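Enquirer: Next up, run_18.txt (compact mmCIF, C-alpha atoms).
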# COMPACT_ATOMS: atom_id res chain seq x y z
CA MET Y 13 -16.35 91.47 -49.30
CA VAL Y 14 -18.37 91.03 -46.11
CA LYS Y 15 -18.24 93.74 -43.47
CA HIS Y 16 -17.26 93.14 -39.86
CA ILE Y 17 -18.39 95.74 -37.32
CA ILE Y 18 -17.54 96.15 -33.66
CA PRO Y 19 -20.00 98.85 -32.57
CA ASN Y 20 -19.39 101.09 -29.54
CA SER Y 21 -23.01 101.39 -28.51
CA LEU Y 22 -26.42 99.85 -29.11
CA SER Y 23 -27.58 102.89 -31.10
CA GLU Y 24 -24.51 102.65 -33.33
CA ALA Y 25 -25.24 98.94 -33.88
CA LEU Y 26 -28.89 99.63 -34.77
CA ASP Y 27 -27.80 102.39 -37.10
CA TYR Y 28 -25.60 99.95 -39.05
CA MET Y 29 -28.43 97.42 -39.07
CA SER Y 30 -30.88 99.97 -40.49
CA LYS Y 31 -28.66 100.36 -43.56
CA ASP Y 32 -27.42 96.82 -44.23
CA GLU Y 33 -28.21 93.27 -43.25
CA TYR Y 34 -25.96 91.84 -40.53
CA LYS Y 35 -25.57 88.57 -38.70
CA ILE Y 36 -25.43 89.33 -34.98
CA VAL Y 37 -22.74 87.54 -32.98
CA SER Y 38 -22.86 87.79 -29.21
CA GLY Y 39 -21.07 85.09 -27.19
CA GLY Y 40 -20.54 83.04 -30.36
CA THR Y 41 -21.24 79.65 -28.76
CA ASP Y 42 -23.60 78.60 -31.55
CA LEU Y 43 -22.45 80.67 -34.51
CA MET Y 44 -18.73 79.97 -34.13
CA VAL Y 45 -19.57 76.25 -34.31
CA GLN Y 46 -22.15 76.56 -37.11
CA LYS Y 47 -19.71 78.60 -39.22
CA ARG Y 48 -16.67 76.60 -38.22
CA ALA Y 49 -14.19 75.79 -40.96
CA TRP Y 50 -11.09 73.60 -40.85
CA ALA Y 51 -8.74 73.90 -37.89
CA GLU Y 52 -6.55 77.01 -38.04
CA THR Y 53 -8.79 78.77 -40.56
CA PRO Y 54 -11.30 81.51 -39.75
CA PRO Y 55 -14.99 80.62 -39.49
CA LYS Y 56 -16.95 81.09 -42.72
CA PHE Y 57 -19.04 84.16 -42.05
CA ASP Y 58 -20.55 84.60 -45.48
CA GLN Y 59 -22.52 87.72 -44.60
CA ASN Y 60 -21.93 91.03 -42.83
CA THR Y 61 -21.30 90.43 -39.16
CA ILE Y 62 -21.79 92.67 -36.15
CA TYR Y 63 -20.20 91.76 -32.82
CA ILE Y 64 -22.26 92.90 -29.83
CA PHE Y 65 -20.93 90.84 -26.92
CA ASN Y 66 -19.02 93.74 -25.40
CA LEU Y 67 -21.76 96.37 -25.62
CA MET Y 68 -22.16 97.52 -22.05
CA ASP Y 69 -25.63 98.92 -22.79
CA LEU Y 70 -26.89 95.35 -23.19
CA LYS Y 71 -25.02 93.84 -20.23
CA TYR Y 72 -27.33 94.12 -17.21
CA ILE Y 73 -29.76 92.30 -15.00
CA LYS Y 74 -32.24 93.92 -12.65
CA LYS Y 75 -35.34 93.23 -10.62
CA GLU Y 76 -38.17 95.67 -11.25
CA ASN Y 77 -41.86 95.49 -10.26
CA ASN Y 78 -41.81 91.74 -9.67
CA LYS Y 79 -40.01 91.09 -12.94
CA ILE Y 80 -36.46 90.13 -13.82
CA ILE Y 81 -35.10 92.12 -16.73
CA ILE Y 82 -32.06 90.64 -18.47
CA GLY Y 83 -29.99 92.54 -21.05
CA ALA Y 84 -29.37 90.65 -24.30
CA ASN Y 85 -25.68 89.93 -23.83
CA TYR Y 86 -25.66 89.20 -20.10
CA PRO Y 87 -24.05 85.74 -19.84
CA VAL Y 88 -26.09 82.90 -18.34
CA GLU Y 89 -23.46 82.05 -15.69
CA LYS Y 90 -24.05 85.50 -14.16
CA ILE Y 91 -27.84 85.17 -14.51
CA LYS Y 92 -27.56 81.94 -12.49
CA ASP Y 93 -25.73 83.78 -9.71
CA PHE Y 94 -28.23 86.68 -9.56
CA LYS Y 95 -30.23 86.50 -6.33
CA SER Y 96 -33.72 87.03 -7.77
CA THR Y 97 -33.41 84.73 -10.81
CA PRO Y 98 -36.32 82.24 -10.77
CA ILE Y 99 -35.30 78.85 -9.43
CA LEU Y 100 -36.33 77.02 -12.62
CA LEU Y 101 -34.08 79.23 -14.70
CA LYS Y 102 -31.19 78.62 -12.29
CA LYS Y 103 -31.76 74.87 -12.57
CA ALA Y 104 -31.76 75.00 -16.37
CA ILE Y 105 -28.58 77.08 -16.48
CA GLU Y 106 -26.75 74.88 -13.95
CA ILE Y 107 -26.91 71.90 -16.28
CA MET Y 108 -26.26 73.87 -19.44
CA ALA Y 109 -22.94 73.02 -21.13
CA SER Y 110 -20.01 73.96 -18.82
CA PRO Y 111 -18.72 77.03 -16.94
CA ALA Y 112 -16.42 78.08 -19.82
CA LEU Y 113 -19.38 78.07 -22.19
CA ARG Y 114 -21.84 79.63 -19.73
CA ASN Y 115 -19.54 82.66 -19.46
CA LEU Y 116 -20.34 83.35 -23.13
CA ALA Y 117 -23.82 81.95 -23.69
CA THR Y 118 -26.82 84.28 -23.52
CA ILE Y 119 -30.59 83.79 -23.31
CA ALA Y 120 -31.01 86.16 -26.25
CA GLY Y 121 -28.78 83.77 -28.20
CA ASN Y 122 -31.00 80.84 -27.21
CA ILE Y 123 -33.99 82.81 -28.53
CA GLY Y 124 -32.30 84.08 -31.71
CA ASN Y 125 -30.95 80.63 -32.52
CA ALA Y 126 -34.47 79.19 -32.02
CA SER Y 127 -33.35 75.60 -31.63
CA PRO Y 128 -36.13 73.38 -30.21
CA ALA Y 129 -33.46 72.06 -27.80
CA GLY Y 130 -32.49 75.50 -26.42
CA ASP Y 131 -32.04 74.87 -22.69
CA THR Y 132 -33.55 78.07 -21.30
CA LEU Y 133 -36.51 78.25 -23.72
CA PRO Y 134 -39.00 75.98 -21.86
CA ILE Y 135 -38.40 78.07 -18.74
CA LEU Y 136 -39.21 81.27 -20.65
CA TYR Y 137 -42.42 79.67 -21.97
CA VAL Y 138 -43.49 78.51 -18.51
CA HIS Y 139 -43.02 82.04 -17.12
CA ASP Y 140 -44.74 83.74 -20.10
CA ALA Y 141 -41.56 85.74 -20.61
CA LEU Y 142 -41.58 88.79 -22.87
CA VAL Y 143 -38.89 89.80 -25.32
CA LYS Y 144 -38.09 93.44 -26.05
CA ILE Y 145 -37.00 93.80 -29.67
CA VAL Y 146 -35.57 97.09 -30.90
CA SER Y 147 -34.62 98.68 -34.20
CA LYS Y 148 -33.27 102.14 -34.99
CA ASN Y 149 -36.66 103.83 -34.74
CA ASN Y 150 -38.89 101.27 -33.08
CA SER Y 151 -39.26 99.09 -30.05
CA ARG Y 152 -41.77 96.32 -29.39
CA ILE Y 153 -42.43 93.77 -26.69
CA VAL Y 154 -43.44 90.31 -27.88
CA PRO Y 155 -44.39 87.19 -25.86
CA ILE Y 156 -41.77 84.43 -26.19
CA ASN Y 157 -44.16 82.01 -27.93
CA GLU Y 158 -44.75 84.62 -30.65
CA VAL Y 159 -41.05 85.40 -31.07
CA ILE Y 160 -40.07 81.83 -31.95
CA LEU Y 161 -42.00 80.65 -35.00
CA SER Y 162 -40.36 77.34 -35.90
CA VAL Y 163 -36.96 75.62 -36.04
CA ARG Y 164 -34.42 78.47 -36.41
CA LYS Y 165 -37.21 80.91 -37.36
CA THR Y 166 -38.15 83.98 -35.33
CA CYS Y 167 -40.29 87.07 -35.84
CA ILE Y 168 -37.20 89.29 -35.47
CA ASN Y 169 -36.72 91.44 -38.57
CA LYS Y 170 -33.40 92.09 -40.27
CA ASP Y 171 -33.03 95.57 -38.80
CA GLU Y 172 -33.99 94.45 -35.29
CA MET Y 173 -32.21 92.87 -32.35
CA ILE Y 174 -33.22 91.56 -28.95
CA LYS Y 175 -32.59 94.20 -26.29
CA GLU Y 176 -33.83 92.44 -23.18
CA ILE Y 177 -35.81 89.54 -21.79
CA ILE Y 178 -38.51 90.22 -19.21
CA ILE Y 179 -39.37 87.34 -16.88
CA PRO Y 180 -42.27 87.74 -14.42
CA ILE Y 181 -41.53 86.41 -10.91
CA LEU Y 182 -44.26 83.87 -10.16
CA GLU Y 183 -45.26 81.92 -7.10
CA PHE Y 184 -44.84 78.16 -7.37
CA THR Y 185 -45.04 75.60 -4.57
CA LYS Y 186 -43.25 72.94 -6.61
CA THR Y 187 -41.12 73.05 -9.72
CA SER Y 188 -39.24 70.50 -11.77
CA PHE Y 189 -36.77 70.77 -14.62
CA VAL Y 190 -35.36 67.57 -16.05
CA LYS Y 191 -33.02 67.50 -18.99
CA VAL Y 192 -32.26 64.14 -20.58
CA GLY Y 193 -28.87 64.21 -22.31
CA GLY Y 194 -26.04 61.88 -23.19
CA ARG Y 195 -24.05 63.02 -20.16
CA LYS Y 196 -24.27 65.56 -17.37
CA ALA Y 197 -22.15 68.37 -18.84
CA ASP Y 198 -21.77 69.63 -22.39
CA ALA Y 199 -24.81 67.78 -23.72
CA ILE Y 200 -27.59 68.87 -26.04
CA SER Y 201 -31.05 67.78 -24.85
CA LYS Y 202 -32.65 64.61 -26.13
CA THR Y 203 -35.75 65.90 -24.41
CA SER Y 204 -36.51 68.17 -21.48
CA PHE Y 205 -39.45 68.53 -19.13
CA THR Y 206 -40.44 71.62 -17.16
CA GLY Y 207 -43.26 71.59 -14.64
CA ALA Y 208 -44.46 74.17 -12.12
CA VAL Y 209 -47.49 74.22 -9.86
CA ASN Y 210 -48.96 76.48 -7.25
CA VAL Y 211 -50.97 74.42 -4.77
CA LYS Y 212 -52.91 76.14 -1.97
CA ASP Y 213 -54.90 74.14 0.59
CA GLY Y 214 -54.66 71.05 -1.60
CA ILE Y 215 -56.09 72.86 -4.65
CA VAL Y 216 -54.07 73.30 -7.85
CA LYS Y 217 -54.33 77.07 -8.42
CA ASP Y 218 -51.82 77.10 -11.24
CA ILE Y 219 -50.13 74.41 -13.31
CA ARG Y 220 -47.66 75.00 -16.12
CA ILE Y 221 -45.99 72.32 -18.25
CA ALA Y 222 -43.46 72.64 -21.07
CA PHE Y 223 -41.49 70.16 -23.16
CA GLY Y 224 -38.26 70.93 -25.03
CA ALA Y 225 -36.77 69.18 -28.09
CA VAL Y 226 -39.95 67.25 -28.95
CA ASN Y 227 -41.52 69.52 -31.56
CA VAL Y 228 -40.51 72.41 -33.83
CA THR Y 229 -40.76 74.79 -30.88
CA VAL Y 230 -41.18 74.35 -27.14
CA VAL Y 231 -44.53 72.68 -26.36
CA ARG Y 232 -46.71 74.52 -23.87
CA LYS Y 233 -50.49 74.16 -24.00
CA LYS Y 234 -52.45 76.64 -21.91
CA GLU Y 235 -55.78 75.10 -22.91
CA ILE Y 236 -54.73 71.79 -21.35
CA GLU Y 237 -53.40 73.54 -18.24
CA ASN Y 238 -56.66 75.49 -17.79
CA LYS Y 239 -58.65 72.26 -17.92
CA TYR Y 240 -56.96 71.03 -14.76
CA LYS Y 241 -56.75 74.23 -12.71
CA GLY Y 242 -58.94 74.28 -9.62
CA LEU Y 243 -58.82 70.52 -9.07
CA SER Y 244 -57.44 69.03 -5.89
CA VAL Y 245 -54.06 67.32 -6.16
CA LEU Y 246 -55.73 63.94 -5.68
CA GLU Y 247 -58.29 64.61 -8.43
CA LEU Y 248 -55.49 65.71 -10.73
CA GLN Y 249 -53.51 62.55 -10.02
CA SER Y 250 -56.55 60.34 -10.61
CA ARG Y 251 -56.84 61.82 -14.10
CA ILE Y 252 -53.22 61.14 -15.06
CA ASN Y 253 -54.12 59.00 -18.09
CA GLU Y 254 -56.35 61.76 -19.44
CA ILE Y 255 -53.52 64.28 -18.96
CA LEU Y 256 -51.05 62.04 -20.78
CA ASN Y 257 -53.56 61.59 -23.62
CA ASP Y 258 -54.05 65.37 -23.83
CA TYR Y 259 -50.32 65.97 -24.31
CA GLU Y 260 -49.56 62.93 -26.44
CA PRO Y 261 -50.52 64.47 -29.84
CA PHE Y 262 -48.18 67.43 -29.27
CA ILE Y 263 -45.11 65.34 -28.45
CA LYS Y 264 -43.78 64.87 -31.96
CA PRO Y 265 -40.03 64.40 -31.68
CA ILE Y 266 -37.66 63.45 -34.46
CA THR Y 267 -34.97 60.82 -34.76
CA ASP Y 268 -31.45 62.27 -35.07
CA GLN Y 269 -27.89 61.49 -34.01
CA ARG Y 270 -28.73 62.17 -30.34
CA SER Y 271 -31.78 59.98 -29.88
CA ASN Y 272 -34.83 58.51 -31.60
CA LYS Y 273 -38.43 59.64 -31.65
CA ASP Y 274 -39.89 56.67 -29.75
CA TYR Y 275 -37.48 57.06 -26.85
CA ARG Y 276 -37.98 60.83 -26.74
CA LYS Y 277 -41.75 60.52 -26.70
CA GLN Y 278 -41.91 57.79 -24.05
CA VAL Y 279 -39.45 59.57 -21.75
CA SER Y 280 -41.24 62.91 -22.11
CA LEU Y 281 -44.57 61.40 -21.10
CA ASN Y 282 -42.92 59.45 -18.27
CA LEU Y 283 -41.45 62.67 -16.90
CA LEU Y 284 -44.89 64.32 -16.98
CA LYS Y 285 -46.40 61.32 -15.22
CA GLU Y 286 -43.71 61.33 -12.57
CA PHE Y 287 -44.18 65.04 -11.94
CA ILE Y 288 -47.96 64.75 -11.47
CA ASN Y 289 -47.70 61.60 -9.35
CA ASN Y 290 -45.18 63.22 -7.00
CA LEU Y 291 -47.10 66.43 -6.35
CA MET O 5 -9.07 93.72 -41.30
CA MET O 6 -9.63 95.73 -38.17
CA LYS O 7 -7.53 97.25 -35.48
CA ILE O 8 -7.75 94.99 -32.42
CA LYS O 9 -6.32 95.86 -29.03
CA PHE O 10 -5.92 93.55 -26.08
CA GLU O 11 -3.75 92.75 -23.13
CA LEU O 12 -2.23 89.29 -23.34
CA ASN O 13 -0.42 87.87 -20.32
CA ASN O 14 0.03 91.39 -18.91
CA LYS O 15 1.41 92.89 -22.13
CA GLU O 16 -0.53 95.19 -24.42
CA TYR O 17 -0.88 94.50 -28.14
CA VAL O 18 -2.48 96.42 -30.99
CA PHE O 19 -2.63 94.84 -34.42
CA ASN O 20 -4.64 94.53 -37.62
CA GLU O 21 -6.46 91.28 -38.10
CA ASP O 22 -9.59 89.64 -39.43
CA PRO O 23 -11.99 90.05 -36.45
CA SER O 24 -13.79 86.79 -37.22
CA LYS O 25 -10.66 84.69 -36.62
CA ARG O 26 -10.77 82.44 -33.60
CA LEU O 27 -8.81 83.62 -30.58
CA LEU O 28 -7.43 80.06 -30.35
CA ASP O 29 -5.74 80.36 -33.77
CA ILE O 30 -4.45 83.87 -33.11
CA LEU O 31 -2.83 82.80 -29.83
CA ARG O 32 -1.24 79.69 -31.31
CA ASN O 33 -0.20 81.09 -34.70
CA ASN O 34 0.43 84.81 -34.21
CA PHE O 35 1.79 84.58 -30.66
CA SER O 36 3.20 81.04 -30.66
CA LEU O 37 1.36 80.29 -27.42
CA THR O 38 0.94 76.59 -28.06
CA GLY O 39 0.00 75.63 -24.50
CA ILE O 40 -3.65 75.92 -25.45
CA LYS O 41 -4.82 73.09 -27.66
CA GLU O 42 -7.59 72.55 -30.14
CA GLY O 43 -9.44 69.44 -29.06
CA CYS O 44 -13.01 69.47 -30.34
CA GLY O 45 -13.22 72.98 -31.80
CA GLU O 46 -16.81 73.32 -30.62
CA GLY O 47 -16.60 74.29 -26.97
CA GLU O 48 -17.04 70.85 -25.46
CA CYS O 49 -13.58 69.72 -24.36
CA GLY O 50 -11.98 72.73 -22.64
CA ALA O 51 -8.48 72.11 -24.05
CA CYS O 52 -8.41 75.67 -25.44
CA ALA O 53 -9.60 77.38 -22.24
CA VAL O 54 -8.15 80.77 -21.35
CA LEU O 55 -9.11 83.48 -18.90
CA ILE O 56 -10.73 86.56 -20.41
CA ASN O 57 -11.11 89.34 -17.83
CA GLY O 58 -10.65 86.61 -15.23
CA GLU O 59 -13.37 84.33 -16.56
CA LEU O 60 -12.85 80.84 -17.94
CA ILE O 61 -13.68 80.79 -21.64
CA ASN O 62 -13.10 78.34 -24.51
CA SER O 63 -11.00 80.29 -27.02
CA CYS O 64 -12.22 78.20 -29.96
CA LEU O 65 -15.60 79.93 -29.64
CA VAL O 66 -14.28 83.48 -29.39
CA PRO O 67 -14.06 85.66 -32.48
CA LEU O 68 -11.18 88.08 -32.14
CA ALA O 69 -13.70 90.96 -32.18
CA ASN O 70 -14.99 89.83 -28.78
CA VAL O 71 -11.63 90.33 -27.02
CA HIS O 72 -11.14 93.90 -28.21
CA ASN O 73 -10.09 95.90 -25.12
CA LYS O 74 -10.05 92.76 -22.93
CA LYS O 75 -7.42 91.08 -20.77
CA ILE O 76 -6.45 87.56 -21.75
CA MET O 77 -4.39 85.12 -19.74
CA THR O 78 -3.17 81.84 -21.16
CA ILE O 79 -1.42 78.92 -19.46
CA GLU O 80 1.92 80.57 -20.35
CA GLY O 81 0.94 83.66 -18.35
CA LEU O 82 -0.57 81.70 -15.49
CA SER O 83 2.57 79.55 -15.16
CA GLU O 84 4.59 82.67 -14.32
CA THR O 85 2.42 83.48 -11.32
CA LYS O 86 2.73 82.07 -7.81
CA ARG O 87 -0.69 80.47 -8.08
CA GLY O 88 0.10 78.97 -11.48
CA LYS O 89 3.31 77.44 -10.16
CA LEU O 90 1.44 75.97 -7.21
CA ILE O 91 -1.26 74.47 -9.46
CA LYS O 92 1.49 72.99 -11.65
CA ASP O 93 3.22 71.44 -8.62
CA SER O 94 -0.08 70.07 -7.30
CA PHE O 95 -0.89 68.47 -10.65
CA SER O 96 2.51 66.81 -10.78
CA LYS O 97 2.43 65.66 -7.13
CA ALA O 98 -1.04 64.15 -7.51
CA GLY O 99 -0.13 62.37 -10.77
CA ALA O 100 -2.81 64.38 -12.55
CA VAL O 101 -0.90 64.55 -15.84
CA GLN O 102 -0.56 61.71 -18.27
CA CYS O 103 -0.54 62.64 -21.96
CA GLY O 104 -0.82 66.31 -20.98
CA PHE O 105 -3.14 67.45 -23.77
CA CYS O 106 -5.93 68.52 -21.40
CA THR O 107 -3.60 69.81 -18.68
CA PRO O 108 -3.36 73.50 -19.69
CA GLY O 109 -7.16 73.74 -19.88
CA MET O 110 -7.52 71.85 -16.60
CA MET O 111 -5.09 74.25 -14.91
CA MET O 112 -6.96 77.30 -16.26
CA ALA O 113 -10.26 75.82 -14.99
CA THR O 114 -8.60 75.18 -11.61
CA GLU O 115 -7.43 78.80 -11.39
CA ALA O 116 -10.94 80.06 -12.32
CA LEU O 117 -12.54 77.75 -9.76
CA LEU O 118 -10.19 78.62 -6.89
CA ASN O 119 -10.62 82.31 -7.71
CA LYS O 120 -14.33 81.94 -7.00
CA THR O 121 -14.16 79.27 -4.30
CA ALA O 122 -10.84 79.01 -2.47
CA HIS O 123 -11.86 75.79 -0.67
CA PRO O 124 -14.08 73.82 -3.03
CA THR O 125 -15.76 70.54 -2.15
CA VAL O 126 -15.28 67.54 -4.43
CA ASP O 127 -18.68 68.26 -5.99
CA GLU O 128 -17.76 71.88 -6.60
CA ILE O 129 -14.53 70.74 -8.26
CA LYS O 130 -16.48 68.36 -10.50
CA ILE O 131 -18.72 71.25 -11.59
CA GLY O 132 -15.77 73.62 -12.01
CA LEU O 133 -13.95 71.14 -14.26
CA SER O 134 -17.09 69.78 -15.95
CA GLY O 135 -16.19 71.39 -19.27
CA ASN O 136 -12.73 69.83 -19.44
CA LEU O 137 -12.34 66.35 -20.85
CA CYS O 138 -9.46 64.06 -19.93
CA ARG O 139 -9.13 60.70 -21.64
CA CYS O 140 -6.22 59.39 -19.53
CA THR O 141 -6.54 59.92 -15.80
CA GLY O 142 -10.14 59.06 -15.01
CA TYR O 143 -10.29 62.45 -13.27
CA ASN O 144 -9.65 61.24 -9.71
CA MET O 145 -6.05 62.44 -9.66
CA ILE O 146 -7.07 65.77 -11.17
CA ILE O 147 -9.63 66.28 -8.41
CA GLU O 148 -6.94 65.40 -5.86
CA ALA O 149 -4.62 67.94 -7.49
CA VAL O 150 -7.21 70.70 -7.09
CA LEU O 151 -7.80 69.75 -3.44
CA LEU O 152 -4.03 69.80 -2.89
CA ALA O 153 -3.65 73.20 -4.56
CA SER O 154 -6.48 74.57 -2.46
CA LYS O 155 -4.82 73.25 0.73
CA GLU O 156 -1.22 74.18 -0.04
CA GLY O 157 -2.19 77.51 -1.57
CA GLU O 158 -3.82 78.74 1.63
CA GLY O 159 -4.14 82.51 1.36
CA LEU O 160 -3.19 82.69 -2.33
CA TRP O 161 -6.78 82.73 -3.57
Output the structure of this file as structure tokens.
Expert:
Amino acid sequence: MVKHIIPNSLSEALDYMSKDEYKIVSGGTDLMVQKRAWAETPPKFDQNTIYIFNLMDLKYIKKENNKIIIGANYPVEKIKDFKSTPILLKKAIEIMASPALRNLATIAGNIGNASPAGDTLPILYVHDALVKIVSKNNSRIVPINEVILSVRKTCINKDEMIKEIIIPILEFTKTSFVKVGGRKADAISKTSFTGAVNVKDGIVKDIRIAFGAVNVTVVRKKEIENKYKGLSVLELQSRINEILNDYEPFIKPITDQRSNKDYRKQVSLNLLKEFINNL
Amino acid sequence: MMKIKFELNNKEYVFNEDPSKRLLDILRNNFSLTGIKEGCGEGECGACAVLINGELINSCLVPLANVHNKKIMTIEGLSETKRGKLIKDSFSKAGAVQCGFCTPGMMMATEALLNKTAHPTVDEIKIGLSGNLCRCTGYNMIIEAVLLASKEGEGLW
């Protein structure tokens, strides 16, 4: 018989998790669909389940020392409405699913689910976001690209859960987030492109690029970005073919029911090209 | 089985249930509130939308555990209120109902939208209702219905 627990506090939840293995359910937007059974029957939770969506000690957002700190079960619709939320994150949330889903969905869920198509993930990569992971006796802070290991695989241990997401507030002069889906609302990405630059006096001080849904995890390549920092915008644009060639080997999408790999690859590179050409 | 407590359409209930059950099934089967419908069962159509603590939520995605100590309002509860009656009238005046399957969800989304934005633009209405699918009307009459409710309900929201 599997156990179902509704804890009253984070410490109570972690205490349960230190003794037994539990599946964590927050808003349920992914798990309730993954575990869905026939209509009118309960979902098939085949392991112990702990429900954390109502834990008030994980429901917060705050700005601190030039960082946004988001509690694990703070829903994305409210993150979108928070004044200091980075513009790229607002853009990604605005086109995520629908209001009724955004009232449940969480960024921690996007991370824990570790789908390559997770809408907020490329934004976290571009900002070098950090994830605070806690267990009964320990706490650690891990960069987002080290939390997500592969499709549906994370570094989070069985006795641990995500407590908060820490997003540095950065200065960008131009940003772009484009999600390509079957329709505007309620769509899962075929591919997504995130770009951000900081240009001062015509010089590219910072450039950050990420692609979603085209590899086992979000694609962000700092070594490629570093190669092009310090160039003028015109120099950068004149080297567009070289940039496309640099990224090409890392765009390795799959063919599934939503799209095919050739389309995904071509569109991803086109979006990169368009971003650079319009700087 | 766990003891679950919630307020449903302004009445308090405490009962023992499997906390993993979907709120949608509990409302339809245990409470005979059949206004909410199961369309897609995966959060994409909005036919099962209810208000939980005032926020629009698809009940097919909600395990019962997540509504412990919460306030739920369904279309049956909304219809008893002044605002609900006005939304209903607006939908019927604008011809926004054909087969009616999406209508309860559409009305809940309208209430949630007008609660946040009493005088929405057409674009804001499209975003507010973006999670509700209608296969009959082509949406134009539904958008008109929301505009009408917003106009005739001056001061209600």
Enquirer: Which polymer residues, whether protein, DNA or RNA, lie within 10 Å of the coordinate (-53.6, 72.9, -19.3) when you count only C-alpha atoms? List them as a ChimeraX atom specification, using the chain letters and numbers from the file.
Expert: /Y:218-221,232-241,255,258-259
Enquirer: Considering all atoms listed in the file, extract the chain O residues located within 6 Å of chain Y and return them as number ranges by chain.
Expert: O: 25, 29, 46, 48, 60-62, 65, 134-135
Enquirer: Do a neighbour search on Val231 (chain Y) at 10 Å with only C-alpha atoms, toss out local chain neighbours closer than 3 positions, and write the hits as a list in words.
Expert: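 Listed by chain and then number, they are Pro128, Pro134, Tyr137, Val138, Asn157, Phe205, Ile221, Ala222, Phe223, Gly224, Ala225, Val226, Asn227, Val228, Lys234, Tyr259, Phe262, Ile263 and Lys264 of chain Y.
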Enquirer: To one decimal place in Å, what is the distance between CA of Val54 (chain O) and CA of Glu115 (chain O)?
Expert: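 Spanning CA of Val54 (chain O) to CA of Glu115 (chain O) is a straight-line distance of 10.2 Å.
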Enquirer: Can you tell me how far CA of Cys138 (chain O) sits from CA of Thr118 (chain Y), in Å to one decimal?
Expert: 26.9 Å
Enquirer: Would you kindly identify which residues have an atom no farther than 7 Å from (-40.1, 89.2, -14.2), using all atoms listed in the file and the file's own coordinates, and write them out as an NGL selection string?
Expert: :Y and (78-81 or 178-181)
Enquirer: Hey, could you patch up region 202-214 of chain Y with N, CA and C atoms and hand it over as a PDB file, keeping the file's coordinate frame?
Expert:
ATOM      1  N   LYS Y 202     -31.861  65.550 -25.343  1.00  0.00           N
ATOM      2  CA  LYS Y 202     -32.650  64.610 -26.130  1.00  0.00           C
ATOM      3  C   LYS Y 202     -34.115  65.003 -25.958  1.00  0.00           C
ATOM      4  N   THR Y 203     -34.440  65.353 -24.731  1.00  0.00           N
ATOM      5  CA  THR Y 203     -35.750  65.900 -24.410  1.00  0.00           C
ATOM      6  C   THR Y 203     -35.610  66.630 -23.081  1.00  0.00           C
ATOM      7  N   SER Y 204     -36.529  67.550 -22.809  1.00  0.00           N
ATOM      8  CA  SER Y 204     -36.510  68.170 -21.480  1.00  0.00           C
ATOM      9  C   SER Y 204     -37.947  68.399 -21.036  1.00  0.00           C
ATOM     10  N   PHE Y 205     -38.130  68.331 -19.710  1.00  0.00           N
ATOM     11  CA  PHE Y 205     -39.450  68.530 -19.130  1.00  0.00           C
ATOM     12  C   PHE Y 205     -39.387  69.648 -18.099  1.00  0.00           C
ATOM     13  N   THR Y 206     -40.340  70.559 -18.165  1.00  0.00           N
ATOM     14  CA  THR Y 206     -40.440  71.620 -17.160  1.00  0.00           C
ATOM     15  C   THR Y 206     -41.849  71.603 -16.590  1.00  0.00           C
ATOM     16  N   GLY Y 207     -41.944  71.555 -15.281  1.00  0.00           N
ATOM     17  CA  GLY Y 207     -43.260  71.590 -14.640  1.00  0.00           C
ATOM     18  C   GLY Y 207     -43.244  72.551 -13.467  1.00  0.00           C
ATOM     19  N   ALA Y 208     -44.362  73.260 -13.267  1.00  0.00           N
ATOM     20  CA  ALA Y 208     -44.460  74.170 -12.120  1.00  0.00           C
ATOM     21  C   ALA Y 208     -45.912  74.212 -11.673  1.00  0.00           C
ATOM     22  N   VAL Y 209     -46.118  74.120 -10.377  1.00  0.00           N
ATOM     23  CA  VAL Y 209     -47.490  74.220  -9.860  1.00  0.00           C
ATOM     24  C   VAL Y 209     -47.538  75.172  -8.679  1.00  0.00           C
ATOM     25  N   ASN Y 210     -48.702  75.731  -8.463  1.00  0.00           N
ATOM     26  CA  ASN Y 210     -48.960  76.480  -7.250  1.00  0.00           C
ATOM     27  C   ASN Y 210     -50.169  75.846  -6.573  1.00  0.00           C
ATOM     28  N   VAL Y 211     -49.910  75.132  -5.487  1.00  0.00           N
ATOM     29  CA  VAL Y 211     -50.970  74.420  -4.770  1.00  0.00           C
ATOM     30  C   VAL Y 211     -51.248  75.143  -3.459  1.00  0.00           C
ATOM     31  N   LYS Y 212     -52.528  75.500  -3.247  1.00  0.00           N
ATOM     32  CA  LYS Y 212     -52.910  76.140  -1.970  1.00  0.00           C
ATOM     33  C   LYS Y 212     -54.056  75.333  -1.359  1.00  0.00           C
ATOM     34  N   ASP Y 213     -53.899  74.939  -0.117  1.00  0.00           N
ATOM     35  CA  ASP Y 213     -54.900  74.140   0.590  1.00  0.00           C
ATOM     36  C   ASP Y 213     -55.327  72.917  -0.233  1.00  0.00           C
ATOM     37  N   GLY Y 214     -54.370  72.277  -0.848  1.00  0.00           N
ATOM     38  CA  GLY Y 214     -54.660  71.050  -1.600  1.00  0.00           C
ATOM     39  C   GLY Y 214     -55.248  71.284  -2.972  1.00  0.00           C
TER      40      GLY Y 214
END
